[in-house]
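Q: First, the structure itself, so that you have it in front of you.
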Amino acid sequence: MSCSFALQDLPVAGISIKERLEQRFQQAAVSQKTPLHLSIHPSLWPSDALLRQLAGCVTPFRLCAADGQVLAWGSRDGKEPDGDSNALVGDDDELLIRYPWDFLRLCEIVVGALSSDHILGTVRERVTIDGVLELGEGSVILPGVYIEGKVVVGKNAKIGPNCYIRGTTYIGDNCHVGQAVEIKNSMLMEKVAAGHLSYIGDSVVGPRTNFGAGTITANFRHDGKNHRSMVCGKLLDTGRRKFGAIIGADVHTGIHTAIYPGRKLWPGVSTRPGDVVQYDLHPEE
């Protein structure tokens with residue numbers, strides 16, 4: 001993976017996966033009054049129905065994936081129960097986070113659940129919010145910004161002027177999204193800078209990455225089929241018709257860099273002005 005986070009620490013809309021799972025489990029356990037200690041692997045994002053089922057168990061259980069990996073369990077002492085415990089199966093609405101593009105689906109679930117604005121920063125005049133905005137302290141939205149959909153912006157970020165943010169998008173703390181930049185359905189972690197004239201669509205961007213002016217992430221195949229991405233030497237179907245790039249921490253792109261759909265840029269790599277990224281970009285390359 002081209003992300004330097006441990007899975008449980010990856011921030012989704014400003015809160016780590018671990019914290020979000022703990023919050024959901026605590027709420028479910030209280031509502032169901034379960035006598036068990038519930039534990040969950042960070043690769044499982046259970047549906048609400050599955051979460052209620054797990055929290056409603058009164059005898060020790062294990063929930064396993066098809067490959068045998070234990071994804072969740074409940075026990076009286078907090079330890080994983082043995083194989084004789086009740087075996088549960090998941091449902092069709094759970095999300096298993098196996099690949100980096102699964103983070104986009106998780107962001108769509110979490111940010112997509114927002115129902116009202118929560119604005120702690122500053123929204124200047126001539127800003128259009130056509131959807132829902134959560135804006136952190138110290139952040140500012142400058143004139144000419146158009147927000148469409150559901151968007152979370154962290155603390156001390158600067159958005160605008162004259163940019164377009166749409167889809168279910170998360171922009172982290174201390175980010176800068178500037179003049180004539182479009183961000184669509186993406187996750188930008190802390191201190192990402194896209195100062196001008198760039199398009200970031202259906203992408204995951206690691207912290208402290210800087211986009212040179214005119215950087216474009218392509219996200220659509222001409223034939224309209226699902227994107228495939230290389231993992232361990234095999235091209236895997238991502239299940240996504242729209243899929244941009246997975247960009248690690250501390251990446252720097254030169255001006256006018258074009259990135260093919262589904263490509264991964266490992267932490268610390270850089271491109272030169274006018275580069276076309278046709279394949280995954282590793283540090284040794």
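We label chains A, B, ... in the order they appear in the structure tokens, count residues from 1 in each chain, and number ligands from 1 in the order shown.
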Considering only C-alpha atoms, tabulate each residue of stretch 58-147 of chain A that lies at most 6 Å from stretch 42-50 of chain A along with its nearest interatomic pair and the corresponding distance in Å to one decimal; arrange the rows by chain and ascending residue number and present them as a tab-separated table.

A:
```
residue	atom	partner	partner_atom	distance
A:Asp93	CA	A:Ser47	CA	5.5
A:Glu94	CA	A:Pro46	CA	4.6
A:Leu95	CA	A:Trp45	CA	5.0
A:Leu96	CA	A:Leu44	CA	4.9
A:Ile97	CA	A:Ser43	CA	4.7
```

Q: With distances taken over only C-alpha atoms, which of A:Lys155, A:Arg98, A:Arg105, A:Lys33 is nearest to A:Leu236?

A: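 Under the stated criterion, the closest residue is A:Arg98.
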
Q: Calculated over only C-alpha atoms, which of the candidates A:Val276, A:Val204, A:Leu133, A:Val89 has the smallest distance to A:Gly154?

A: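 Under the stated criterion, the closest residue is A:Leu133.
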
Q: Counting only C-alpha atoms, which of A:Gly206, A:Gly214, A:Gly239, A:Gly138 gets nearest to A:Asn226?

A: A:Gly239

Q: Nearest to A:Arg124: which of A:Gly212, A:Asp91, A:Lys158, A:Gly149 is it, counting only C-alpha atoms?

A: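 Looking at the shortest contact to A:Arg124, the residue is A:Lys158.
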
Q: Using the chain letters and numbers from this document, which residues of stretch 104-167 of chain A does DSSP assign to strand (DSSP E or B), as a list of chain:residue names?

A: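 Taking stretch 104-167 of chain A and keeping strand (DSSP E or B) gives A:His118, A:Ile119, A:Thr122, A:Val123, A:Thr128, A:Ile129, A:Asp130, A:Gly131, A:Val132, A:Leu133, A:Glu134, A:Leu135, A:Val140, A:Ile141, A:Tyr146, A:Ile147, A:Glu148, A:Gly149, A:Lys150, A:Val151, A:Val152, A:Val153, A:Lys158, A:Ile159, A:Tyr164, A:Ile165, A:Arg166, A:Gly167.
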
Q: For the selection you just gave me, I'd like the residues written to a file as an mmCIF file, in the first residue's frame, keeping N, CA, C and O atoms.

A:
```
data_model
loop_
_atom_site.group_PDB
_atom_site.id
_atom_site.type_symbol
_atom_site.label_atom_id
_atom_site.label_comp_id
_atom_site.auth_asym_id
_atom_site.auth_seq_id
_atom_site.Cartn_x
_atom_site.Cartn_y
_atom_site.Cartn_z
ATOM 1 N N HIS A 118 -22.189 21.946 10.135
ATOM 2 C CA HIS A 118 -21.553 22.201 11.434
ATOM 3 C C HIS A 118 -20.332 23.063 11.133
ATOM 4 O O HIS A 118 -19.268 22.555 10.767
ATOM 5 N N ILE A 119 -20.481 24.353 11.245
ATOM 6 C CA ILE A 119 -19.471 25.293 10.777
ATOM 7 C C ILE A 119 -18.832 26.030 11.951
ATOM 8 O O ILE A 119 -19.478 26.834 12.626
ATOM 9 N N THR A 122 -14.689 29.974 9.115
ATOM 10 C CA THR A 122 -15.221 31.177 8.476
ATOM 11 C C THR A 122 -15.603 30.883 7.026
ATOM 12 O O THR A 122 -14.796 30.335 6.273
ATOM 13 N N VAL A 123 -16.817 31.256 6.672
ATOM 14 C CA VAL A 123 -17.280 31.163 5.289
ATOM 15 C C VAL A 123 -17.477 32.587 4.779
ATOM 16 O O VAL A 123 -18.352 33.314 5.252
ATOM 17 N N THR A 128 -20.971 29.366 -2.285
ATOM 18 C CA THR A 128 -22.208 28.602 -2.454
ATOM 19 C C THR A 128 -22.058 27.231 -1.817
ATOM 20 O O THR A 128 -21.111 26.494 -2.134
ATOM 21 N N ILE A 129 -22.972 26.904 -0.909
ATOM 22 C CA ILE A 129 -22.999 25.571 -0.293
ATOM 23 C C ILE A 129 -24.282 24.893 -0.728
ATOM 24 O O ILE A 129 -25.369 25.190 -0.236
ATOM 25 N N ASP A 130 -24.154 23.990 -1.675
ATOM 26 C CA ASP A 130 -25.290 23.246 -2.207
ATOM 27 C C ASP A 130 -25.196 21.810 -1.696
ATOM 28 O O ASP A 130 -24.864 20.884 -2.426
ATOM 29 N N GLY A 131 -25.427 21.668 -0.403
ATOM 30 C CA GLY A 131 -25.271 20.367 0.237
ATOM 31 C C GLY A 131 -25.038 20.554 1.716
ATOM 32 O O GLY A 131 -25.671 21.393 2.359
ATOM 33 N N VAL A 132 -24.118 19.787 2.275
ATOM 34 C CA VAL A 132 -23.830 19.811 3.706
ATOM 35 C C VAL A 132 -22.339 20.042 3.907
ATOM 36 O O VAL A 132 -21.510 19.402 3.245
ATOM 37 N N LEU A 133 -21.995 20.947 4.820
ATOM 38 C CA LEU A 133 -20.592 21.272 5.093
ATOM 39 C C LEU A 133 -20.302 21.172 6.581
ATOM 40 O O LEU A 133 -21.014 21.735 7.403
ATOM 41 N N GLU A 134 -19.237 20.447 6.912
ATOM 42 C CA GLU A 134 -18.682 20.441 8.271
ATOM 43 C C GLU A 134 -17.319 21.108 8.174
ATOM 44 O O GLU A 134 -16.426 20.607 7.485
ATOM 45 N N LEU A 135 -17.152 22.244 8.858
ATOM 46 C CA LEU A 135 -15.950 23.070 8.725
ATOM 47 C C LEU A 135 -15.297 23.258 10.079
ATOM 48 O O LEU A 135 -15.919 23.730 11.027
ATOM 49 N N VAL A 140 -10.990 28.540 6.596
ATOM 50 C CA VAL A 140 -11.676 29.619 5.886
ATOM 51 C C VAL A 140 -12.020 29.161 4.481
ATOM 52 O O VAL A 140 -11.206 28.532 3.792
ATOM 53 N N ILE A 141 -13.242 29.471 4.069
ATOM 54 C CA ILE A 141 -13.701 29.232 2.711
ATOM 55 C C ILE A 141 -13.775 30.589 2.019
ATOM 56 O O ILE A 141 -14.548 31.459 2.429
ATOM 57 N N TYR A 146 -17.530 26.801 -4.708
ATOM 58 C CA TYR A 146 -18.823 26.129 -4.855
ATOM 59 C C TYR A 146 -18.685 24.730 -4.257
ATOM 60 O O TYR A 146 -17.857 23.927 -4.696
ATOM 61 N N ILE A 147 -19.499 24.457 -3.238
ATOM 62 C CA ILE A 147 -19.487 23.152 -2.567
ATOM 63 C C ILE A 147 -20.796 22.450 -2.891
ATOM 64 O O ILE A 147 -21.879 22.967 -2.630
ATOM 65 N N GLU A 148 -20.670 21.255 -3.467
ATOM 66 C CA GLU A 148 -21.840 20.491 -3.891
ATOM 67 C C GLU A 148 -21.715 19.072 -3.344
ATOM 68 O O GLU A 148 -20.737 18.376 -3.618
ATOM 69 N N GLY A 149 -22.685 18.658 -2.561
ATOM 70 C CA GLY A 149 -22.633 17.334 -1.957
ATOM 71 C C GLY A 149 -22.384 17.436 -0.464
ATOM 72 O O GLY A 149 -22.820 18.383 0.188
ATOM 73 N N LYS A 150 -21.662 16.479 0.088
ATOM 74 C CA LYS A 150 -21.363 16.459 1.513
ATOM 75 C C LYS A 150 -19.852 16.499 1.693
ATOM 76 O O LYS A 150 -19.130 15.628 1.180
ATOM 77 N N VAL A 151 -19.393 17.504 2.422
ATOM 78 C CA VAL A 151 -17.957 17.790 2.504
ATOM 79 C C VAL A 151 -17.558 18.043 3.956
ATOM 80 O O VAL A 151 -18.259 18.769 4.682
ATOM 81 N N VAL A 152 -16.447 17.457 4.366
ATOM 82 C CA VAL A 152 -15.864 17.714 5.681
ATOM 83 C C VAL A 152 -14.500 18.360 5.479
ATOM 84 O O VAL A 152 -13.653 17.834 4.740
ATOM 85 N N VAL A 153 -14.289 19.511 6.104
ATOM 86 C CA VAL A 153 -13.001 20.206 6.069
ATOM 87 C C VAL A 153 -12.502 20.316 7.503
ATOM 88 O O VAL A 153 -13.239 20.745 8.394
ATOM 89 N N LYS A 158 -7.379 26.173 4.240
ATOM 90 C CA LYS A 158 -7.721 27.316 3.392
ATOM 91 C C LYS A 158 -8.258 26.768 2.076
ATOM 92 O O LYS A 158 -7.557 26.057 1.352
ATOM 93 N N ILE A 159 -9.514 27.119 1.775
ATOM 94 C CA ILE A 159 -10.177 26.616 0.579
ATOM 95 C C ILE A 159 -10.543 27.799 -0.312
ATOM 96 O O ILE A 159 -11.276 28.695 0.101
ATOM 97 N N TYR A 164 -13.944 24.235 -6.775
ATOM 98 C CA TYR A 164 -15.155 23.415 -6.825
ATOM 99 C C TYR A 164 -14.902 22.151 -6.012
ATOM 100 O O TYR A 164 -14.002 21.362 -6.329
ATOM 101 N N ILE A 165 -15.680 21.953 -4.950
ATOM 102 C CA ILE A 165 -15.557 20.764 -4.094
ATOM 103 C C ILE A 165 -16.878 20.005 -4.185
ATOM 104 O O ILE A 165 -17.941 20.565 -3.904
ATOM 105 N N ARG A 166 -16.832 18.724 -4.555
ATOM 106 C CA ARG A 166 -18.092 18.009 -4.737
ATOM 107 C C ARG A 166 -17.968 16.543 -4.345
ATOM 108 O O ARG A 166 -16.878 16.051 -4.044
ATOM 109 N N GLY A 167 -19.112 15.881 -4.371
ATOM 110 C CA GLY A 167 -19.171 14.481 -3.966
ATOM 111 C C GLY A 167 -19.122 14.357 -2.460
ATOM 112 O O GLY A 167 -19.474 15.281 -1.718
#
```

Q: Using only C-alpha atoms, determine which residues lie at most 12 Å from A:Gly83, disregarding the query and same-chain residues fewer than 4 positions distant; provide the list as a PDB file with N, CA, C and O atoms, in the first residue's frame.

A:
```
ATOM      1  N   PRO A  60     -20.650 -15.958  23.968  1.00  0.00           N
ATOM      2  CA  PRO A  60     -19.441 -15.657  23.198  1.00  0.00           C
ATOM      3  C   PRO A  60     -19.582 -16.055  21.734  1.00  0.00           C
ATOM      4  O   PRO A  60     -20.198 -17.071  21.399  1.00  0.00           O
ATOM      5  N   PHE A  61     -18.983 -15.249  20.848  1.00  0.00           N
ATOM      6  CA  PHE A  61     -19.103 -15.492  19.412  1.00  0.00           C
ATOM      7  C   PHE A  61     -17.828 -15.058  18.707  1.00  0.00           C
ATOM      8  O   PHE A  61     -17.028 -14.289  19.229  1.00  0.00           O
ATOM      9  N   ARG A  62     -17.701 -15.561  17.490  1.00  0.00           N
ATOM     10  CA  ARG A  62     -16.670 -15.083  16.571  1.00  0.00           C
ATOM     11  C   ARG A  62     -17.311 -14.864  15.207  1.00  0.00           C
ATOM     12  O   ARG A  62     -18.147 -15.647  14.768  1.00  0.00           O
ATOM     13  N   LEU A  63     -16.889 -13.787  14.553  1.00  0.00           N
ATOM     14  CA  LEU A  63     -17.317 -13.492  13.185  1.00  0.00           C
ATOM     15  C   LEU A  63     -16.093 -13.592  12.298  1.00  0.00           C
ATOM     16  O   LEU A  63     -15.105 -12.878  12.521  1.00  0.00           O
ATOM     17  N   CYS A  64     -16.134 -14.478  11.314  1.00  0.00           N
ATOM     18  CA  CYS A  64     -14.963 -14.720  10.472  1.00  0.00           C
ATOM     19  C   CYS A  64     -15.262 -14.383   9.016  1.00  0.00           C
ATOM     20  O   CYS A  64     -16.393 -14.511   8.546  1.00  0.00           O
ATOM     21  N   GLY A  68     -11.227 -17.202   6.710  1.00  0.00           N
ATOM     22  CA  GLY A  68     -10.974 -17.645   8.082  1.00  0.00           C
ATOM     23  C   GLY A  68     -10.494 -16.562   9.021  1.00  0.00           C
ATOM     24  O   GLY A  68     -10.393 -16.801  10.241  1.00  0.00           O
ATOM     25  N   VAL A  70     -10.466 -13.798  11.632  1.00  0.00           N
ATOM     26  CA  VAL A  70     -11.431 -13.382  12.644  1.00  0.00           C
ATOM     27  C   VAL A  70     -11.592 -11.865  12.558  1.00  0.00           C
ATOM     28  O   VAL A  70     -10.638 -11.109  12.739  1.00  0.00           O
ATOM     29  N   TRP A  73     -15.333 -10.378  17.603  1.00  0.00           N
ATOM     30  CA  TRP A  73     -15.722 -11.378  18.581  1.00  0.00           C
ATOM     31  C   TRP A  73     -16.307 -10.705  19.812  1.00  0.00           C
ATOM     32  O   TRP A  73     -16.116  -9.509  20.046  1.00  0.00           O
ATOM     33  N   ALA A  87     -20.501 -19.259  15.936  1.00  0.00           N
ATOM     34  CA  ALA A  87     -19.928 -18.727  14.698  1.00  0.00           C
ATOM     35  C   ALA A  87     -20.973 -17.901  13.966  1.00  0.00           C
ATOM     36  O   ALA A  87     -22.067 -18.387  13.663  1.00  0.00           O
ATOM     37  N   LEU A  88     -20.637 -16.646  13.686  1.00  0.00           N
ATOM     38  CA  LEU A  88     -21.552 -15.752  12.985  1.00  0.00           C
ATOM     39  C   LEU A  88     -21.018 -15.450  11.589  1.00  0.00           C
ATOM     40  O   LEU A  88     -19.824 -15.565  11.326  1.00  0.00           O
TER      41      LEU A  88
END
```

Q: Quick one: of A:Lys191, A:Lys184, A:Lys225, A:His41, who's nearest to A:Gln69, counting only C-alpha atoms?

A: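 Nearest to A:Gln69: A:His41.
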